[in-house]
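Quick notes on the structure that follows.
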Amino acid sequence: MRSAVIVDAVRSPMAKGRAAKGDRPGGALSSVHPVELLGQVLAQLFQRNNLDPGLVDDVITGCVSQVGEQSGPIGRWSWLAAGLPEHVPSTTIHRACGSSQQAADFAAQTIMAGANDIVVASGIESMSRIPMLTARIGQDPFGPSVAERYAPGLIAQGVSAELIASRFALSRADLDEYSARSHELAAQSDFTAEITPITVPSDSDGGGPRVVDADETVRPGTTAAKLAGLEPSFRTDEMSERFPEIDWSVTAGNSSQLSDGASALLIMSEEKAKALGLTPRARFHSFALAGDDPISMLTGPIPATEKILEKSGLAIDEIDHYEVNEAFASVPLAWRKHFDAPIERLNPRGGAIALGHPLGASGARLMTTMLYALEETGGRFGLQTMCEAGGMANATIIERL
């Protein structure tokens, strides 16, 4: 079987998204159409590598809220917006929060199978312009059979995060201390090499175009003591009655941030990279998928990791870097507790609590950050896993070359 390798990885800065409720405006990238945002990232990916984009076989793009400005084949429109060749096709996929991790996995798998030689895996989400759950407004995505199977009803992800905290005996202090750590680590990290600047168009006040080249989501100086003052976000009388074991500890401060962002990876066969004079930076080692209870929902990374460790033949302590998406602080903390994994290897550059979680872009963003971190530290193996709606999860292991 052929090896699939990562030649380059790049992402936009992470910008604040607009809250689904309330009047808080979006952040630095909120005036950029999502097609333009991903288009700029794709254009920079090829400018950085002096590669003919016409050689690409496919562009696989993850996007979660596929409605409005993000409807249709957004990868295709972004590719064309970047001025890239018309003959290159694209497809858009949805595996909830793991959409662009799945895009990278599918890209690698088609290359390993010999179906393609060069594939771009990318992700996009503008949560300012298409707020979370927009596609579900006034709609029932579950149907009567699912509702009956999981009566008295499926629950919000935040309540699932509360259930995980309760079942793994994670206190409010544990969640807040971990969240403050996320901001501290992100503030100490240099993301310059992985970020491509984004040009923001003129605004409604007549200001000219400007360039955004740094994350705006990280809050240096965040402490557990400051986070302790926030109120629980998901406590209701109904949920308190249904789940009396919950202490209600999940807040805006120990959850991922609504964000705008885009990311992309250039993936090809090792033979093609050599023929083009390009240097592979990492190869895809192993893949796994798992489903778990859709009420707990966010525990999927645990069985997904168990599967990938078995398939890869690696032990948890043989892996140098773990990226476990910080959808909520209880998710990586429960994962770490289950595997007794060293805390210093877990999200060592911070995670979505500090950097934000632009849903469709996060999988490729995590892989990008993990790649650069492995290169900086000299680590060999990196494991990435993400919880996904419905109780699903991806797991991927890459090996630095």
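FYI, nothing fancy with the structure tokens labels: chains A, B, ... in order, residues from 1 per chain, ligands from 1 as they appear.
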*Return as a PyMOL selection string the full set of residues in stretch 120-267 of chain A whose backbone-based DSSP assignment is strand (DSSP E).*
chain A and resi 120-126+198-200+210-212+259-267
*asked:* Show me, as a list in words, the residues that have an atom within 8 Å of A:Ala262 when counting only C-alpha atoms, minus same-chain residues fewer than 2 positions from it.
replied: Arg11, Ser12, Leu37, Leu38, Val41, Ser122, Gly123, Ile124, Glu125, Asp260, Ala264, Pro358, Ala361 and Arg365 of chain A
What would the file look like if the residues just selected were written as a PDB file, in the first residue's frame with N, CA and C atoms?
```
ATOM      1  N   ARG A  11      -3.526  27.443   7.997  1.00  0.00           N
ATOM      2  CA  ARG A  11      -4.843  27.831   8.493  1.00  0.00           C
ATOM      3  C   ARG A  11      -4.947  29.346   8.548  1.00  0.00           C
ATOM      4  N   SER A  12      -6.170  29.817   8.606  1.00  0.00           N
ATOM      5  CA  SER A  12      -6.407  31.241   8.846  1.00  0.00           C
ATOM      6  C   SER A  12      -6.216  31.531  10.328  1.00  0.00           C
ATOM      7  N   LEU A  37     -13.023  33.381   2.503  1.00  0.00           N
ATOM      8  CA  LEU A  37     -12.112  33.012   3.592  1.00  0.00           C
ATOM      9  C   LEU A  37     -11.345  31.741   3.249  1.00  0.00           C
ATOM     10  N   LEU A  38     -12.062  30.700   2.868  1.00  0.00           N
ATOM     11  CA  LEU A  38     -11.377  29.469   2.482  1.00  0.00           C
ATOM     12  C   LEU A  38     -10.587  29.668   1.193  1.00  0.00           C
ATOM     13  N   VAL A  41      -7.150  30.944   1.909  1.00  0.00           N
ATOM     14  CA  VAL A  41      -6.294  29.903   2.486  1.00  0.00           C
ATOM     15  C   VAL A  41      -5.809  28.949   1.398  1.00  0.00           C
ATOM     16  N   SER A 122      -9.615  20.283   3.306  1.00  0.00           N
ATOM     17  CA  SER A 122      -9.808  21.619   3.864  1.00  0.00           C
ATOM     18  C   SER A 122     -11.061  21.672   4.722  1.00  0.00           C
ATOM     19  N   GLY A 123     -11.234  22.785   5.407  1.00  0.00           N
ATOM     20  CA  GLY A 123     -12.414  22.980   6.245  1.00  0.00           C
ATOM     21  C   GLY A 123     -12.734  24.444   6.378  1.00  0.00           C
ATOM     22  N   ILE A 124     -14.001  24.738   6.569  1.00  0.00           N
ATOM     23  CA  ILE A 124     -14.451  26.131   6.667  1.00  0.00           C
ATOM     24  C   ILE A 124     -15.655  26.223   7.587  1.00  0.00           C
ATOM     25  N   GLU A 125     -15.727  27.278   8.359  1.00  0.00           N
ATOM     26  CA  GLU A 125     -16.930  27.607   9.115  1.00  0.00           C
ATOM     27  C   GLU A 125     -16.860  29.084   9.487  1.00  0.00           C
ATOM     28  N   ASP A 260     -14.723  31.894  13.703  1.00  0.00           N
ATOM     29  CA  ASP A 260     -14.639  31.862  12.250  1.00  0.00           C
ATOM     30  C   ASP A 260     -13.234  31.406  11.878  1.00  0.00           C
ATOM     31  N   ALA A 264      -6.393  24.122   5.633  1.00  0.00           N
ATOM     32  CA  ALA A 264      -6.197  23.255   4.468  1.00  0.00           C
ATOM     33  C   ALA A 264      -4.877  22.509   4.584  1.00  0.00           C
ATOM     34  N   PRO A 358     -14.192  26.697  15.030  1.00  0.00           N
ATOM     35  CA  PRO A 358     -14.994  26.902  13.820  1.00  0.00           C
ATOM     36  C   PRO A 358     -15.311  25.538  13.217  1.00  0.00           C
ATOM     37  N   ALA A 361     -13.895  23.658  10.197  1.00  0.00           N
ATOM     38  CA  ALA A 361     -12.461  23.888   9.996  1.00  0.00           C
ATOM     39  C   ALA A 361     -11.596  23.265  11.073  1.00  0.00           C
ATOM     40  N   ARG A 365      -7.539  22.175  11.330  1.00  0.00           N
ATOM     41  CA  ARG A 365      -6.763  23.104  12.170  1.00  0.00           C
ATOM     42  C   ARG A 365      -5.981  22.338  13.229  1.00  0.00           C
TER      43      ARG A 365
END
```
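Distance check against A:Glu376 using only C-alpha atoms: of A:Arg336, A:Arg149, A:Arg400, A:Arg2, the minimum falls on A:Arg400.
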*Using backbone DSSP assignments, extract all alpha helix (DSSP H) residues from stretch 274-335 of chain A; output them as a VMD selection string.*
chain A and resid 274 to 275 301 to 312 330 to 335
_Which residues are near stretch 58-62 of chain A? Cut-off 9 Å, only C-alpha atoms, ignore same chain within fewer than 6 positions. Put them as number ranges by chain._
A: 73-76, 79, 88-104, 106-107, 116, 118-125, 264, 359-361, 363-364
*Contacts of A:Thr192 at 10 Å (only C-alpha atoms; same-chain gap of 6+ positions) as a list in words*: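 Once the nearby chain positions are removed, what remains is Pro13, Asp213, Ala214 and Asp215 of chain A.
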Which residues of stretch 132-155 of chain A have any atom within 12 Å of an atom in stretch 234-241 of chain A when counting only C-alpha atoms, and what is the closest pair of atoms for each, with the distance in Å to one decimal? Order the rows by chain and rising number and write it as a Markdown table.
```
| residue | atom | partner | partner_atom | distance |
| --- | --- | --- | --- | --- |
| A:Pro152 | CA | A:Met239 | CA | 10.9 |
| A:Gly153 | CA | A:Met239 | CA | 10.8 |
| A:Leu154 | CA | A:Met239 | CA | 11.2 |
| A:Ile155 | CA | A:Met239 | CA | 8.8 |
```
Any chance you can output those residues with N, CA and C atoms as a short mmCIF file (atom, residue, chain, number, x, y, z; two decimals), in the first residue's frame?
```
data_model
loop_
_atom_site.label_atom_id
_atom_site.label_comp_id
_atom_site.auth_asym_id
_atom_site.auth_seq_id
_atom_site.Cartn_x
_atom_site.Cartn_y
_atom_site.Cartn_z
N PRO A 152 -36.62 10.12 27.16
CA PRO A 152 -37.45 11.30 26.90
C PRO A 152 -36.83 12.35 25.98
N GLY A 153 -35.72 12.08 25.34
CA GLY A 153 -35.24 13.00 24.33
C GLY A 153 -33.74 13.17 24.33
N LEU A 154 -33.19 13.46 23.15
CA LEU A 154 -31.79 13.83 23.03
C LEU A 154 -31.57 15.20 23.66
N ILE A 155 -30.34 15.48 23.99
CA ILE A 155 -30.05 16.69 24.77
C ILE A 155 -28.97 17.52 24.10
#
```
*What separation in Å, quoted to one decimal, exists between atom CA of A:Asp247 and atom CA of A:Pro232?*
9.5 Å
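Each of A:Ser171, A:Ser31, A:Ser3, A:Thr217 was compared to A:Trp248 using only C-alpha atoms, and A:Ser171 turns out to be the nearest.
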*Close residues, A:Tyr372 itself excluded, 9 Å, only C-alpha atoms, min 4 positions apart in chain, as a list in words*: Ala9, Phe191, Ala193, Glu194, Met367, Thr368, Glu376 and Thr377 of chain A
Keeping only N, CA and C atoms, write the selected residues as a tab-separated table (two decimals), in the first residue's frame.
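For reference, part10.tsv as written:
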```tsv
chain	number	residue	atom	x	y	z
A	9	ALA	N	0.57	22.37	5.50
A	9	ALA	CA	-0.67	22.60	6.22
A	9	ALA	C	-0.71	24.06	6.62
A	191	PHE	N	2.31	30.64	16.64
A	191	PHE	CA	1.57	30.02	15.54
A	191	PHE	C	1.87	30.66	14.19
A	193	ALA	N	4.02	30.36	11.79
A	193	ALA	CA	4.33	29.55	10.61
A	193	ALA	C	3.09	28.86	10.04
A	194	GLU	N	2.11	28.57	10.88
A	194	GLU	CA	0.94	27.83	10.39
A	194	GLU	C	-0.21	28.74	9.96
A	367	MET	N	-4.97	19.25	13.09
A	367	MET	CA	-3.90	18.50	12.44
A	367	MET	C	-2.74	19.41	12.05
A	368	THR	N	-3.07	20.62	11.61
A	368	THR	CA	-2.04	21.60	11.27
A	368	THR	C	-1.20	21.94	12.50
A	376	GLU	N	8.51	21.03	15.89
A	376	GLU	CA	9.23	21.89	16.83
A	376	GLU	C	9.87	21.09	17.97
A	377	THR	N	9.16	20.07	18.42
A	377	THR	CA	9.64	19.31	19.58
A	377	THR	C	10.45	18.08	19.20
```
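Across the model, the gap from atom CA of A:Met268 to atom CA of A:Asn49 is 13.1 Å.
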*9 Å contact set for stretch 269-284 of chain A, only C-alpha atoms, chain neighbours under 4 positions out, as a ChimeraX atom specification*: /A:2-8,49,51,105,108-109,111-112,114,116-118,371,375,396-401
*Can you list, as a PyMOL selection string, every protein, DNA or RNA residue that comes within 10 Å of A:Ala169 when you count only C-alpha atoms, leaving out same-chain residues fewer than 6 positions away?*
chain A and resi 163+330+334+337
Preceding selection exported with C-alpha atoms as an mmCIF file, in the first residue's frame:
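In the end it all went to again_29.cif:
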```cif
data_model
loop_
_atom_site.group_PDB
_atom_site.id
_atom_site.type_symbol
_atom_site.label_atom_id
_atom_site.label_comp_id
_atom_site.auth_asym_id
_atom_site.auth_seq_id
_atom_site.Cartn_x
_atom_site.Cartn_y
_atom_site.Cartn_z
ATOM 1 C CA LEU A 163 -22.903 14.223 32.224
ATOM 2 C CA SER A 330 -14.688 17.687 30.364
ATOM 3 C CA ALA A 334 -12.294 12.426 30.687
ATOM 4 C CA LYS A 337 -8.417 10.027 32.870
#
```
